[in-house]
Amino acid sequence: MTHAGQQQPRASFDTWGPWALLAAGAVAAALSAPLTGMNRPGMILCAVLVPAAVVLQLVWGRLRHRRPGPSRAGVCLYALRWIIAFVLTWANPFFAFYAVTGYYTAARELPRRLVMPGLFLTAVTMAGSEIGGWPPHGLILWVGFFLVLAVNMSMVSVFTRYAEQEQERSRVQADTIAELERTNTALQQALDENAALHAQLLLQAREAGVADERRRLAAEIHDTIAQGLTGIIAQLQVVAGAPDLDTARTHLERASTLARHSLGEARRSVHNLAPVALAADGLPEALKKTVTEWGERTGVRAEFTVTGTAEQLHDEVSATLLRIAQEALSNAARHARATRVGVTLSFMGDEVSLDIRDDGTGLDPAAVPERTRSGGFGLDGMRARAERIAGLLTVESEPGHGTAVSARVPLVRDDR
């Protein structure tokens, strides 16, 4: 828009400017003829040269239409027009109106090496007109002519330099616009490629999410049904070796209670995979009940402690920590042969820490076997749970000195 707007006035001047200036010069010369002392031969000369200038302008217009820009024919026509303008100005100084056209057309009609000579010739014509006409009479007028010529050439040099800077600025701007267009095209291509890559990543993320959900579902089933069945089997084994009927009934009642609890947990897990213990209580209360029931079921002394200011946690955080505690207690019951277990839940500003410690046989964390189809999720499962919510699980243990499992996860509050 701006570029076209700048070209339109120039095109209009190239078309009508020389005609208007020639007409202005002719009218001014006719009106000023008595004042300037224009004689009859001068009038005849003007009567011949003005039509010649008209014909010249017509030929120039057709040539420029066919071959725009500098050319040999353009150089010849520029020189011919300067001669006509010089002679007309000699006859009457007011024809300088027509001569000034050379200033505006030299840069567009002449090759670069001839621009300054062409401007100099026009400046000679203009200086002669400005001192009162050709030829200068006397030394003072000749000195004045050269002074005026020097001033004209200085102004021409300044304006030419400014015009060249403007042309260079326009060229740089055009190159910048072209580069921006190429950059925009490349950017659009990159955006299209990124869109395709984004769609591919979404598909991969969806597939990864499905796989992760399957693993999580397997862990939830393990934490509900498998652990419950393990507890029931343990109680039934005690019943099988019970010395009296009262002891057998006590353990049968525990097995029945555990079976009902596990059934409710399984139903709950099918609906939303959230632990039943968290349905009505917060995490501290659910952990306390879990530790107490586990201690009564296994006969191991179990203690639960809360440190810091308890807060209502997000469901996913609470469920993760509760499942980690259940898995750690299950491991302690099956493998550690511990006599004492301590569980601590710590609220520490922007983190929550869950620590489960026992005084059992301990283990070598580096030598823990991989999970098998017949085994539980163990340390790998607990670590995966913690990492799923941007947490960290560490295990400190050595044979004969017990085990300490610590899970640290971000404290994410319940947003409901």
# chains A, B, ... in the order shown; residues from 1 in each chain; ligands from 1

call {"tool": "residues_around", "arguments": {"residues": "Leu258 in chain A", "least_positions_apart": "4", "cutoff": "10 Å", "atoms": "only C-alpha atoms", "output": "VMD selection string"}}
result
chain A and resid 227 to 232 235 252 to 254 262 to 264 293 297

call {"tool": "closest_residue", "arguments": {"among": "A:Asn92, A:Ile233, A:Asp246, A:Leu119", "to": "Pro34 in chain A", "atoms": "only C-alpha atoms"}}
result
A:Asn92

call {"tool": "select_by_dssp", "arguments": {"residues": "range 95-323 of chain A", "states": "alpha helix (DSSP H)", "output": "ChimeraX atom specification"}}
result
/A:96-99,101-109,112-130,139-221,227-240,245-272,283-298,315-323

call {"tool": "residues_around", "arguments": {"residues": "range 109-118 of chain A", "least_positions_apart": "3", "cutoff": "10 Å", "atoms": "only C-alpha atoms", "output": "NGL selection string"}}
result
:A and (64 or 68-79 or 82 or 102-106 or 121-123 or 153 or 156-157 or 160)

call {"tool": "atom_distance", "arguments": {"atom1": "CA of Ala404 in chain A", "atom2": "CA of Glu311 in chain A"}}
result
24.3 Å

call {"tool": "closest_residue", "arguments": {"among": "A:Val54, A:Ala150, A:His137, A:Leu80", "to": "Phe120 in chain A", "atoms": "only C-alpha atoms"}}
result
A:Ala150

call {"tool": "atom_distance", "arguments": {"atom1": "CA of Thr305 in chain A", "atom2": "CA of Leu345 in chain A"}}
result
6.3 Å

call {"tool": "residues_around", "arguments": {"residues": "range 357-360 of chain A", "least_positions_apart": "2", "cutoff": "9 Å", "atoms": "only C-alpha atoms", "output": "tab-separated table (two decimals) with C-alpha atoms, in the first residue's frame"}}
result
chain	number	residue	atom	x	y	z
A	332	ALA	CA	6.99	-56.14	56.52
A	335	HIS	CA	9.38	-60.81	54.77
A	336	ALA	CA	10.73	-58.74	57.66
A	337	ARG	CA	9.64	-60.79	60.71
A	338	ALA	CA	9.56	-57.51	62.58
A	339	THR	CA	8.46	-57.04	66.18
A	340	ARG	CA	7.88	-53.31	65.90
A	341	VAL	CA	6.80	-50.99	63.08
A	342	GLY	CA	6.52	-47.21	63.12
A	343	VAL	CA	4.67	-45.12	60.52
A	344	THR	CA	5.12	-41.32	60.46
A	355	ASP	CA	8.15	-42.97	56.63
A	362	GLY	CA	16.41	-56.05	56.78
A	399	PRO	CA	20.61	-57.27	56.60
A	400	GLY	CA	19.88	-57.65	60.31
A	401	HIS	CA	19.19	-53.97	60.99
A	402	GLY	CA	15.63	-53.38	59.80
A	403	THR	CA	14.26	-51.34	56.92
A	404	ALA	CA	13.19	-47.70	56.46
A	405	VAL	CA	11.01	-46.72	53.49
A	406	SER	CA	10.53	-42.97	52.90
